[in-house]
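Report on one structure; see the data block that follows.
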Amino acid sequence: MPDQVTLTWNDDPRTTQTVQWRTDTSVKDGVVRLREAGDQEWVSMPAAMDPVEDRLLMNDRYIHHYTAVLRNLKPGTTYTYRVGSPATDRWSDTAEFTTAPAGEAPFSFLYTGDAHNSESWGALLQAAFRRHPEMAFNIIGGDVVSTGLDRAQWDQVLEYGKDIYARKPLAFCLGNHDDQDGLGVGLILSMFRFPDNGPSGVERGRIFTFAYSNAQFFVVDVGTPIEVVTPWLERELANSTATWKFFVYHFPLYNDGEYDYSSIAEQWCPLFDTYHVDL
């Protein structure tokens, strides 16, 4: 059966929606069946399949991971969908998502940080969704898990949010635990399809920006050198026409503890002041 059904974005949230899920290796095909809420007829859209290997796991080392980018959607429209395999005729439960509005419209989103795949964070996530089902999407400020190369920990994160992430898109920046000891984030980037609009030469999904209504989000990981990020960040901020600008990064710019982030503050805070970053 398909599971870990997760909405992400790698293109315009107004007219596209990315859907991802996994199966075991016996399943060789995947599609999304989609229709506008209230319609009766399904439209099938194919998904690309990538094998994912985690050598840390003895009993579940390989999975098949599927990604479908649904295009030509209508802004501000609710769709019903399910994912699965025509060959095996096994399908997920149906769920709904709503595309971003065409123009300016009020919205809310959920931000959490340092999830560390903890049970208490999972309880917080579920409680937030029950209290605020109107939230448009979720953002996590890094350290989503404690060891980024361990797929079992990502399994926990997706289990905690399985009824939410199938309805509300997920985005996050990479923290130092996600890129544990500089060992790489290949596993993470194979599981989550984020926009490919970061600095030249940086892996897709490490750094990206997306707009929603009258807001723009700039999502940066801690593993990319500051001198690579800064020119990209200044260019994107200078070109932004958004009313609200949100910067998502794992380390705090100001900190009186044992860690010194003064070099980040020196380079980025003038940009935030110049281009009016709000949060």
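Ordering of the structure tokens sets the chain letters (A, B, ...), residue numbers begin anew at 1 in every chain, and ligands are numbered from 1 in the order given.
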Non-local contacts of stretch 20-33 of chain A (10 Å; only C-alpha atoms; under 2 positions in same chain excluded) as an mmCIF file with N, CA, C and O atoms, in the first residue's frame:
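Output saved as selection-v6.cif:
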data_model
loop_
_atom_site.group_PDB
_atom_site.id
_atom_site.type_symbol
_atom_site.label_atom_id
_atom_site.label_comp_id
_atom_site.auth_asym_id
_atom_site.auth_seq_id
_atom_site.Cartn_x
_atom_site.Cartn_y
_atom_site.Cartn_z
ATOM 1 N N MET A 1 0.837 -1.198 0.000
ATOM 2 C CA MET A 1 0.000 0.000 0.000
ATOM 3 C C MET A 1 0.876 1.254 0.000
ATOM 4 O O MET A 1 1.902 1.302 0.674
ATOM 5 N N PRO A 2 0.486 2.299 -0.741
ATOM 6 C CA PRO A 2 1.238 3.555 -0.666
ATOM 7 C C PRO A 2 1.064 4.184 0.707
ATOM 8 O O PRO A 2 -0.019 4.132 1.298
ATOM 9 N N ASP A 3 2.140 4.747 1.222
ATOM 10 C CA ASP A 3 2.031 5.478 2.477
ATOM 11 C C ASP A 3 2.968 6.678 2.440
ATOM 12 O O ASP A 3 3.575 6.974 1.423
ATOM 13 N N GLN A 4 3.055 7.393 3.565
ATOM 14 C CA GLN A 4 3.837 8.620 3.671
ATOM 15 C C GLN A 4 3.466 9.615 2.569
ATOM 16 O O GLN A 4 4.322 10.281 1.980
ATOM 17 N N VAL A 5 2.186 9.736 2.291
ATOM 18 C CA VAL A 5 1.729 10.683 1.274
ATOM 19 C C VAL A 5 1.967 12.100 1.796
ATOM 20 O O VAL A 5 1.463 12.480 2.859
ATOM 21 N N THR A 6 2.742 12.866 1.034
ATOM 22 C CA THR A 6 3.209 14.171 1.495
ATOM 23 C C THR A 6 3.111 15.185 0.368
ATOM 24 O O THR A 6 3.555 14.918 -0.754
ATOM 25 N N LEU A 7 2.552 16.347 0.663
ATOM 26 C CA LEU A 7 2.510 17.449 -0.286
ATOM 27 C C LEU A 7 3.726 18.345 -0.075
ATOM 28 O O LEU A 7 4.050 18.706 1.061
ATOM 29 N N THR A 8 4.405 18.673 -1.168
ATOM 30 C CA THR A 8 5.471 19.673 -1.136
ATOM 31 C C THR A 8 5.258 20.589 -2.337
ATOM 32 O O THR A 8 4.303 20.430 -3.091
ATOM 33 N N THR A 18 2.953 19.410 -5.770
ATOM 34 C CA THR A 18 3.788 18.220 -5.806
ATOM 35 C C THR A 18 3.294 17.231 -4.758
ATOM 36 O O THR A 18 3.049 17.607 -3.610
ATOM 37 N N ARG A 35 -9.230 15.222 -9.010
ATOM 38 C CA ARG A 35 -10.429 15.877 -9.519
ATOM 39 C C ARG A 35 -10.725 17.083 -8.644
ATOM 40 O O ARG A 35 -10.332 17.133 -7.468
ATOM 41 N N GLU A 41 -15.407 12.691 -11.950
ATOM 42 C CA GLU A 41 -14.482 11.983 -12.831
ATOM 43 C C GLU A 41 -13.027 12.260 -12.440
ATOM 44 O O GLU A 41 -12.617 13.396 -12.279
ATOM 45 N N TRP A 42 -12.252 11.183 -12.302
ATOM 46 C CA TRP A 42 -10.834 11.295 -11.977
ATOM 47 C C TRP A 42 -10.010 11.572 -13.241
ATOM 48 O O TRP A 42 -10.315 11.058 -14.307
ATOM 49 N N VAL A 43 -8.946 12.339 -13.071
ATOM 50 C CA VAL A 43 -7.906 12.500 -14.091
ATOM 51 C C VAL A 43 -6.641 11.875 -13.530
ATOM 52 O O VAL A 43 -6.254 12.146 -12.385
ATOM 53 N N SER A 44 -5.971 11.030 -14.306
ATOM 54 C CA SER A 44 -4.760 10.345 -13.843
ATOM 55 C C SER A 44 -3.514 11.089 -14.318
ATOM 56 O O SER A 44 -3.420 11.468 -15.491
ATOM 57 N N MET A 45 -2.576 11.280 -13.402
ATOM 58 C CA MET A 45 -1.311 11.943 -13.716
ATOM 59 C C MET A 45 -0.174 11.048 -13.240
ATOM 60 O O MET A 45 -0.166 10.611 -12.086
ATOM 61 N N PRO A 46 0.802 10.760 -14.115
ATOM 62 C CA PRO A 46 1.856 9.812 -13.757
ATOM 63 C C PRO A 46 2.856 10.403 -12.770
ATOM 64 O O PRO A 46 3.043 11.620 -12.697
ATOM 65 N N ALA A 47 3.499 9.524 -12.034
ATOM 66 C CA ALA A 47 4.547 9.906 -11.083
ATOM 67 C C ALA A 47 5.869 9.287 -11.501
ATOM 68 O O ALA A 47 5.906 8.193 -12.076
ATOM 69 N N ALA A 48 6.953 9.983 -11.211
ATOM 70 C CA ALA A 48 8.295 9.432 -11.421
ATOM 71 C C ALA A 48 8.686 8.616 -10.200
ATOM 72 O O ALA A 48 8.383 8.988 -9.064
ATOM 73 N N MET A 49 9.351 7.490 -10.428
ATOM 74 C CA MET A 49 9.771 6.613 -9.332
ATOM 75 C C MET A 49 11.287 6.634 -9.184
ATOM 76 O O MET A 49 12.014 6.550 -10.170
ATOM 77 N N ASP A 50 11.757 6.770 -7.960
ATOM 78 C CA ASP A 50 13.184 6.701 -7.647
ATOM 79 C C ASP A 50 13.399 5.673 -6.548
ATOM 80 O O ASP A 50 12.721 5.726 -5.510
ATOM 81 N N PRO A 51 14.322 4.730 -6.731
ATOM 82 C CA PRO A 51 14.663 3.825 -5.632
ATOM 83 C C PRO A 51 15.490 4.563 -4.588
ATOM 84 O O PRO A 51 16.357 5.372 -4.925
ATOM 85 N N VAL A 52 15.184 4.322 -3.338
ATOM 86 C CA VAL A 52 15.906 4.939 -2.227
ATOM 87 C C VAL A 52 16.485 3.835 -1.360
ATOM 88 O O VAL A 52 15.782 2.889 -0.990
ATOM 89 N N ASP A 60 14.516 -2.879 6.134
ATOM 90 C CA ASP A 60 13.730 -2.057 5.202
ATOM 91 C C ASP A 60 14.683 -1.169 4.418
ATOM 92 O O ASP A 60 14.472 0.029 4.287
ATOM 93 N N ARG A 61 15.723 -1.798 3.877
ATOM 94 C CA ARG A 61 16.826 -1.029 3.294
ATOM 95 C C ARG A 61 16.406 -0.278 2.042
ATOM 96 O O ARG A 61 16.863 0.841 1.804
ATOM 97 N N TYR A 62 15.530 -0.861 1.234
ATOM 98 C CA TYR A 62 15.160 -0.267 -0.047
ATOM 99 C C TYR A 62 13.671 0.072 -0.065
ATOM 100 O O TYR A 62 12.839 -0.697 0.427
ATOM 101 N N ILE A 63 13.344 1.204 -0.672
ATOM 102 C CA ILE A 63 11.952 1.555 -0.939
ATOM 103 C C ILE A 63 11.876 2.148 -2.341
ATOM 104 O O ILE A 63 12.901 2.497 -2.950
ATOM 105 N N HIS A 64 10.670 2.243 -2.869
ATOM 106 C CA HIS A 64 10.417 3.007 -4.082
ATOM 107 C C HIS A 64 9.709 4.304 -3.681
ATOM 108 O O HIS A 64 8.714 4.273 -2.956
ATOM 109 N N HIS A 65 10.259 5.406 -4.157
ATOM 110 C CA HIS A 65 9.743 6.728 -3.789
ATOM 111 C C HIS A 65 9.202 7.406 -5.037
ATOM 112 O O HIS A 65 9.873 7.472 -6.066
ATOM 113 N N TYR A 66 7.965 7.931 -4.933
ATOM 114 C CA TYR A 66 7.264 8.477 -6.099
ATOM 115 C C TYR A 66 7.053 9.976 -5.927
ATOM 116 O O TYR A 66 6.760 10.463 -4.834
ATOM 117 N N THR A 67 7.179 10.688 -7.056
ATOM 118 C CA THR A 67 6.943 12.130 -7.079
ATOM 119 C C THR A 67 6.115 12.467 -8.311
ATOM 120 O O THR A 67 6.479 12.095 -9.432
ATOM 121 N N ALA A 68 5.016 13.170 -8.104
ATOM 122 C CA ALA A 68 4.183 13.661 -9.205
ATOM 123 C C ALA A 68 3.994 15.158 -9.027
ATOM 124 O O ALA A 68 3.647 15.618 -7.940
ATOM 125 N N VAL A 69 4.252 15.914 -10.092
ATOM 126 C CA VAL A 69 4.011 17.355 -10.086
ATOM 127 C C VAL A 69 2.726 17.612 -10.871
ATOM 128 O O VAL A 69 2.684 17.412 -12.084
ATOM 129 N N LEU A 70 1.688 18.014 -10.168
ATOM 130 C CA LEU A 70 0.394 18.285 -10.785
ATOM 131 C C LEU A 70 0.398 19.719 -11.300
ATOM 132 O O LEU A 70 0.600 20.666 -10.526
ATOM 133 N N THR A 80 -9.542 17.045 -4.801
ATOM 134 C CA THR A 80 -9.522 15.751 -4.123
ATOM 135 C C THR A 80 -8.587 14.837 -4.902
ATOM 136 O O THR A 80 -8.553 14.873 -6.133
ATOM 137 N N TYR A 81 -7.808 14.009 -4.179
ATOM 138 C CA TYR A 81 -6.858 13.135 -4.874
ATOM 139 C C TYR A 81 -6.612 11.872 -4.070
ATOM 140 O O TYR A 81 -6.919 11.791 -2.876
ATOM 141 N N ARG A 82 -6.040 10.906 -4.742
ATOM 142 C CA ARG A 82 -5.486 9.727 -4.089
ATOM 143 C C ARG A 82 -4.325 9.235 -4.941
ATOM 144 O O ARG A 82 -4.240 9.542 -6.133
ATOM 145 N N VAL A 83 -3.417 8.482 -4.343
ATOM 146 C CA VAL A 83 -2.248 7.986 -5.061
ATOM 147 C C VAL A 83 -2.228 6.469 -4.994
ATOM 148 O O VAL A 83 -2.805 5.857 -4.094
ATOM 149 N N GLY A 84 -1.566 5.863 -5.978
ATOM 150 C CA GLY A 84 -1.476 4.407 -5.961
ATOM 151 C C GLY A 84 -0.912 3.846 -7.241
ATOM 152 O O GLY A 84 -0.281 4.556 -8.043
ATOM 153 N N SER A 85 -1.166 2.565 -7.425
ATOM 154 C CA SER A 85 -0.598 1.802 -8.542
ATOM 155 C C SER A 85 -1.719 1.149 -9.339
ATOM 156 O O SER A 85 -2.429 0.289 -8.808
ATOM 157 N N PRO A 86 -1.897 1.531 -10.613
ATOM 158 C CA PRO A 86 -2.884 0.827 -11.437
ATOM 159 C C PRO A 86 -2.568 -0.660 -11.587
ATOM 160 O O PRO A 86 -3.480 -1.486 -11.670
ATOM 161 N N ALA A 87 -1.280 -1.009 -11.602
ATOM 162 C CA ALA A 87 -0.913 -2.409 -11.798
ATOM 163 C C ALA A 87 -1.355 -3.288 -10.629
ATOM 164 O O ALA A 87 -1.796 -4.426 -10.824
ATOM 165 N N THR A 88 -1.242 -2.774 -9.412
ATOM 166 C CA THR A 88 -1.627 -3.556 -8.232
ATOM 167 C C THR A 88 -3.021 -3.206 -7.731
ATOM 168 O O THR A 88 -3.564 -3.915 -6.881
ATOM 169 N N ARG A 90 -3.847 -0.809 -5.772
ATOM 170 C CA ARG A 90 -3.806 -0.422 -4.355
ATOM 171 C C ARG A 90 -3.683 1.096 -4.275
ATOM 172 O O ARG A 90 -2.812 1.683 -4.917
ATOM 173 N N TRP A 91 -4.545 1.708 -3.439
ATOM 174 C CA TRP A 91 -4.669 3.154 -3.437
ATOM 175 C C TRP A 91 -4.690 3.689 -2.008
ATOM 176 O O TRP A 91 -5.142 3.017 -1.085
ATOM 177 N N SER A 92 -4.213 4.895 -1.862
ATOM 178 C CA SER A 92 -4.288 5.587 -0.580
ATOM 179 C C SER A 92 -5.720 6.049 -0.327
ATOM 180 O O SER A 92 -6.578 6.015 -1.219
ATOM 181 N N THR A 94 -8.471 8.958 0.103
ATOM 182 C CA THR A 94 -8.581 10.246 -0.569
ATOM 183 C C THR A 94 -8.282 11.372 0.419
ATOM 184 O O THR A 94 -8.510 11.245 1.635
ATOM 185 N N ALA A 166 -0.605 15.151 4.026
ATOM 186 C CA ALA A 166 -1.355 14.791 2.822
ATOM 187 C C ALA A 166 -2.336 15.879 2.430
ATOM 188 O O ALA A 166 -2.906 15.836 1.330
ATOM 189 N N MET A 191 13.896 12.362 -0.790
ATOM 190 C CA MET A 191 12.579 12.139 -0.205
ATOM 191 C C MET A 191 11.666 13.356 -0.284
ATOM 192 O O MET A 191 10.452 13.226 -0.141
ATOM 193 N N PHE A 192 12.241 14.566 -0.498
ATOM 194 C CA PHE A 192 11.438 15.788 -0.500
ATOM 195 C C PHE A 192 11.834 16.628 -1.705
ATOM 196 O O PHE A 192 13.000 16.978 -1.868
ATOM 197 N N ARG A 193 10.863 16.968 -2.537
ATOM 198 C CA ARG A 193 11.131 17.684 -3.773
ATOM 199 C C ARG A 193 10.791 19.163 -3.583
ATOM 200 O O ARG A 193 9.653 19.573 -3.742
#
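Minimum atom-to-atom distances from A:Gly175, A:Pro133, A:Pro75, A:Gly161 to A:Thr147 were compared using only C-alpha atoms, and the lowest value belongs to A:Gly175.
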Report task. Using only C-alpha atoms, find the one residue out of A:Thr274, A:Ser213, A:Gln267, A:Thr241 that sits nearest to A:Ala105. Result -> A:Ser213
**Report entry** Long-range neighbours of A:Pro169 as a PyMOL selection string, 9 Å cut-off, only C-alpha atoms, 4 positions minimum in chain
**Finding:** chain A and resi 6-9+17-19+97+136-139+164-165
Selection file, N, CA and C atoms, as a CSV table (one decimal), in the first residue's frame:
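Saved the output as selection-v6.csv:
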chain,number,residue,atom,x,y,z
A,6,THR,N,2.7,12.9,1.0
A,6,THR,CA,3.2,14.2,1.5
A,6,THR,C,3.1,15.2,0.4
A,7,LEU,N,2.6,16.3,0.7
A,7,LEU,CA,2.5,17.4,-0.3
A,7,LEU,C,3.7,18.3,-0.1
A,8,THR,N,4.4,18.7,-1.2
A,8,THR,CA,5.5,19.7,-1.1
A,8,THR,C,5.3,20.6,-2.3
A,9,TRP,N,6.2,21.5,-2.5
A,9,TRP,CA,6.1,22.4,-3.7
A,9,TRP,C,7.5,22.4,-4.3
A,17,GLN,N,1.0,21.5,-7.7
A,17,GLN,CA,1.1,20.8,-6.4
A,17,GLN,C,1.9,19.6,-6.6
A,18,THR,N,3.0,19.4,-5.8
A,18,THR,CA,3.8,18.2,-5.8
A,18,THR,C,3.3,17.2,-4.8
A,19,VAL,N,3.2,16.0,-5.2
A,19,VAL,CA,2.7,14.9,-4.3
A,19,VAL,C,3.7,13.8,-4.3
A,97,PHE,N,-6.5,19.1,-1.0
A,97,PHE,CA,-5.6,20.2,-0.9
A,97,PHE,C,-6.2,21.4,-1.6
A,136,ALA,N,-2.4,27.1,5.9
A,136,ALA,CA,-2.1,26.8,4.5
A,136,ALA,C,-1.0,25.8,4.3
A,137,PHE,N,0.0,25.8,5.1
A,137,PHE,CA,1.1,24.9,4.9
A,137,PHE,C,1.9,24.9,6.2
A,138,ASN,N,3.0,24.0,6.2
A,138,ASN,CA,3.8,23.9,7.4
A,138,ASN,C,5.3,24.2,7.0
A,139,ILE,N,6.0,24.9,8.0
A,139,ILE,CA,7.4,25.1,7.8
A,139,ILE,C,8.1,24.7,9.1
A,164,ILE,N,-1.8,15.2,8.2
A,164,ILE,CA,-1.7,16.6,7.9
A,164,ILE,C,-0.9,16.9,6.6
A,165,TYR,N,0.2,16.2,6.4
A,165,TYR,CA,1.0,16.5,5.2
A,165,TYR,C,0.4,16.0,3.9
Query raised in the report: Of the residues A:Ala152, A:Ala211, A:Ala115, A:Val229, which is the one nearest to A:Asp11, using only C-alpha atoms?
Result: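 The shortest atom-to-atom distance to A:Asp11 comes from A:Ala211.
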**Report entry** All residues 9 Å or closer to stretch 194-199 of chain A, only C-alpha atoms, same chain fewer than 2 positions away omitted, as an NGL selection string
**Finding:** :A and (8-11 or 18 or 171 or 189 or 192 or 201-210 or 220 or 228-229 or 231-233)
Kindly save the residues from that selection, with N, CA, C and O atoms included, as an mmCIF file, in the first residue's frame.
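out_6.cif, written as the output of this step:
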data_model
loop_
_atom_site.group_PDB
_atom_site.id
_atom_site.type_symbol
_atom_site.label_atom_id
_atom_site.label_comp_id
_atom_site.auth_asym_id
_atom_site.auth_seq_id
_atom_site.Cartn_x
_atom_site.Cartn_y
_atom_site.Cartn_z
ATOM 1 N N THR A 8 4.405 18.673 -1.168
ATOM 2 C CA THR A 8 5.471 19.673 -1.136
ATOM 3 C C THR A 8 5.258 20.589 -2.337
ATOM 4 O O THR A 8 4.303 20.430 -3.091
ATOM 5 N N TRP A 9 6.166 21.541 -2.511
ATOM 6 C CA TRP A 9 6.141 22.397 -3.696
ATOM 7 C C TRP A 9 7.507 22.398 -4.349
ATOM 8 O O TRP A 9 8.535 22.423 -3.663
ATOM 9 N N ASN A 10 7.546 22.358 -5.665
ATOM 10 C CA ASN A 10 8.776 22.695 -6.372
ATOM 11 C C ASN A 10 8.491 23.612 -7.545
ATOM 12 O O ASN A 10 9.312 23.781 -8.429
ATOM 13 N N ASP A 11 7.287 24.227 -7.533
ATOM 14 C CA ASP A 11 6.914 25.186 -8.561
ATOM 15 C C ASP A 11 5.862 26.110 -7.959
ATOM 16 O O ASP A 11 5.669 26.127 -6.747
ATOM 17 N N THR A 18 2.953 19.410 -5.770
ATOM 18 C CA THR A 18 3.788 18.220 -5.806
ATOM 19 C C THR A 18 3.294 17.231 -4.758
ATOM 20 O O THR A 18 3.049 17.607 -3.610
ATOM 21 N N ALA A 171 7.369 22.271 4.076
ATOM 22 C CA ALA A 171 8.673 22.795 3.663
ATOM 23 C C ALA A 171 9.546 22.891 4.911
ATOM 24 O O ALA A 171 9.035 23.030 6.029
ATOM 25 N N LEU A 189 17.136 14.847 0.280
ATOM 26 C CA LEU A 189 16.765 15.470 -0.988
ATOM 27 C C LEU A 189 16.105 14.482 -1.934
ATOM 28 O O LEU A 189 15.406 14.888 -2.868
ATOM 29 N N PHE A 192 12.241 14.566 -0.498
ATOM 30 C CA PHE A 192 11.438 15.788 -0.500
ATOM 31 C C PHE A 192 11.834 16.628 -1.705
ATOM 32 O O PHE A 192 13.000 16.978 -1.868
ATOM 33 N N GLY A 201 25.072 25.771 -8.646
ATOM 34 C CA GLY A 201 26.026 24.814 -8.105
ATOM 35 C C GLY A 201 25.628 24.199 -6.787
ATOM 36 O O GLY A 201 26.295 23.283 -6.305
ATOM 37 N N VAL A 202 24.535 24.664 -6.184
ATOM 38 C CA VAL A 202 24.050 24.109 -4.914
ATOM 39 C C VAL A 202 22.960 23.093 -5.216
ATOM 40 O O VAL A 202 22.098 23.316 -6.063
ATOM 41 N N GLU A 203 22.987 21.957 -4.523
ATOM 42 C CA GLU A 203 22.012 20.898 -4.759
ATOM 43 C C GLU A 203 20.582 21.413 -4.636
ATOM 44 O O GLU A 203 20.274 22.221 -3.771
ATOM 45 N N ARG A 204 19.723 20.904 -5.536
ATOM 46 C CA ARG A 204 18.309 21.255 -5.496
ATOM 47 C C ARG A 204 17.720 20.949 -4.128
ATOM 48 O O ARG A 204 17.898 19.886 -3.580
ATOM 49 N N GLY A 205 17.007 21.919 -3.580
ATOM 50 C CA GLY A 205 16.314 21.723 -2.319
ATOM 51 C C GLY A 205 17.066 22.194 -1.099
ATOM 52 O O GLY A 205 16.477 22.304 -0.020
ATOM 53 N N ARG A 206 18.369 22.469 -1.242
ATOM 54 C CA ARG A 206 19.112 22.990 -0.085
ATOM 55 C C ARG A 206 18.706 24.427 0.229
ATOM 56 O O ARG A 206 18.569 24.810 1.395
ATOM 57 N N ILE A 207 18.561 25.220 -0.813
ATOM 58 C CA ILE A 207 18.222 26.633 -0.678
ATOM 59 C C ILE A 207 17.154 26.931 -1.716
ATOM 60 O O ILE A 207 17.303 26.584 -2.887
ATOM 61 N N PHE A 208 16.077 27.586 -1.294
ATOM 62 C CA PHE A 208 15.026 27.877 -2.259
ATOM 63 C C PHE A 208 14.147 29.007 -1.748
ATOM 64 O O PHE A 208 14.218 29.423 -0.584
ATOM 65 N N THR A 209 13.316 29.505 -2.637
ATOM 66 C CA THR A 209 12.348 30.534 -2.281
ATOM 67 C C THR A 209 11.018 30.197 -2.934
ATOM 68 O O THR A 209 10.976 29.571 -3.993
ATOM 69 N N PHE A 210 9.935 30.575 -2.268
ATOM 70 C CA PHE A 210 8.611 30.415 -2.865
ATOM 71 C C PHE A 210 7.710 31.537 -2.369
ATOM 72 O O PHE A 210 7.941 32.119 -1.311
ATOM 73 N N VAL A 220 16.959 28.704 3.705
ATOM 74 C CA VAL A 220 18.409 28.536 3.540
ATOM 75 C C VAL A 220 18.906 27.474 4.511
ATOM 76 O O VAL A 220 18.462 27.412 5.664
ATOM 77 N N VAL A 228 28.419 31.858 -0.497
ATOM 78 C CA VAL A 228 27.601 31.360 -1.617
ATOM 79 C C VAL A 228 26.170 31.862 -1.486
ATOM 80 O O VAL A 228 25.521 32.215 -2.476
ATOM 81 N N VAL A 229 25.673 31.906 -0.255
ATOM 82 C CA VAL A 229 24.285 32.290 -0.016
ATOM 83 C C VAL A 229 24.063 33.782 -0.241
ATOM 84 O O VAL A 229 23.057 34.195 -0.840
ATOM 85 N N PRO A 231 25.168 36.437 -2.135
ATOM 86 C CA PRO A 231 24.795 37.064 -3.415
ATOM 87 C C PRO A 231 23.420 36.625 -3.905
ATOM 88 O O PRO A 231 22.661 37.443 -4.446
ATOM 89 N N TRP A 232 23.115 35.344 -3.720
ATOM 90 C CA TRP A 232 21.787 34.846 -4.113
ATOM 91 C C TRP A 232 20.701 35.523 -3.298
ATOM 92 O O TRP A 232 19.685 35.973 -3.846
ATOM 93 N N LEU A 233 20.904 35.615 -1.993
ATOM 94 C CA LEU A 233 19.903 36.200 -1.115
ATOM 95 C C LEU A 233 19.656 37.658 -1.467
ATOM 96 O O LEU A 233 18.504 38.103 -1.552
#
Report task. Could you give me the residues within stretch 73-230 of chain A that DSSP places in helix (DSSP H, G or I), as a PyMOL selection string? Result -> chain A and resi 119-131+151-160+162-165+180-182+186-191+226-230
Could you write out that same residue set with C-alpha atoms as a compact mmCIF listing (two decimals), in the first residue's frame?
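Below is the file selection.txt, written as the result:
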# COMPACT_ATOMS: atom_id res chain seq x y z
CA GLU A 119 6.95 12.28 20.04
CA SER A 120 6.18 15.52 21.87
CA TRP A 121 6.69 17.49 18.66
CA GLY A 122 4.33 15.10 16.89
CA ALA A 123 1.70 15.74 19.55
CA LEU A 124 2.20 19.49 19.14
CA LEU A 125 1.78 19.18 15.36
CA GLN A 126 -1.47 17.27 15.68
CA ALA A 127 -2.83 19.68 18.29
CA ALA A 128 -1.98 22.68 16.12
CA PHE A 129 -3.79 21.16 13.15
CA ARG A 130 -6.87 20.36 15.22
CA ARG A 131 -6.96 23.92 16.52
CA ARG A 151 15.51 7.05 7.30
CA ALA A 152 13.80 5.51 10.33
CA GLN A 153 13.77 8.97 11.91
CA TRP A 154 12.16 10.48 8.81
CA ASP A 155 9.63 7.66 8.99
CA GLN A 156 8.74 8.92 12.46
CA VAL A 157 8.34 12.52 11.29
CA LEU A 158 6.06 11.50 8.43
CA GLU A 159 4.07 9.19 10.69
CA TYR A 160 3.43 12.03 13.14
CA LYS A 162 0.62 11.64 7.98
CA ASP A 163 -2.94 13.03 8.13
CA ILE A 164 -1.67 16.60 7.92
CA TYR A 165 1.04 16.46 5.25
CA GLN A 180 24.87 15.37 10.41
CA ASP A 181 28.64 15.93 10.64
CA GLY A 182 28.72 17.05 7.01
CA GLY A 186 21.27 12.87 -0.33
CA LEU A 187 18.67 10.82 1.52
CA ILE A 188 16.67 13.91 2.47
CA LEU A 189 16.76 15.47 -0.99
CA SER A 190 15.61 12.18 -2.51
CA MET A 191 12.58 12.14 -0.20
CA ILE A 226 27.75 32.16 3.66
CA GLU A 227 29.67 33.57 0.71
CA VAL A 228 27.60 31.36 -1.62
CA VAL A 229 24.28 32.29 -0.02
CA THR A 230 24.75 36.06 0.29
Query - Backbone DSSP call of strand (DSSP E) for stretch 103-225 of chain A, listed as an MDAnalysis selection string - result: chainID A and resid 110:112 138:140 170:172 208:212 215:219
Report task. Could you check which of A:Glu104, A:Asp278, A:Asp179, A:Asp273 is closest to A:Tyr212, using only C-alpha atoms? Result ->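 That would be A:Glu104, the residue with the smallest distance to A:Tyr212.
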Query - Surrounding residues of A:Leu237 excluding itself and chain neighbours under 3 positions, 9 Å, only C-alpha atoms, as a PyMOL selection string - result: chain A and resi 218+232-234+240-241+245+271-272+275-277
Query raised in the report: Looking at only C-alpha atoms, which of A:Thr77, A:Asn117, A:Thr224, A:Gln40 is the one that sits closest to A:Pro101?
Result: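 So, comparing all the options, the nearest one is A:Thr77.
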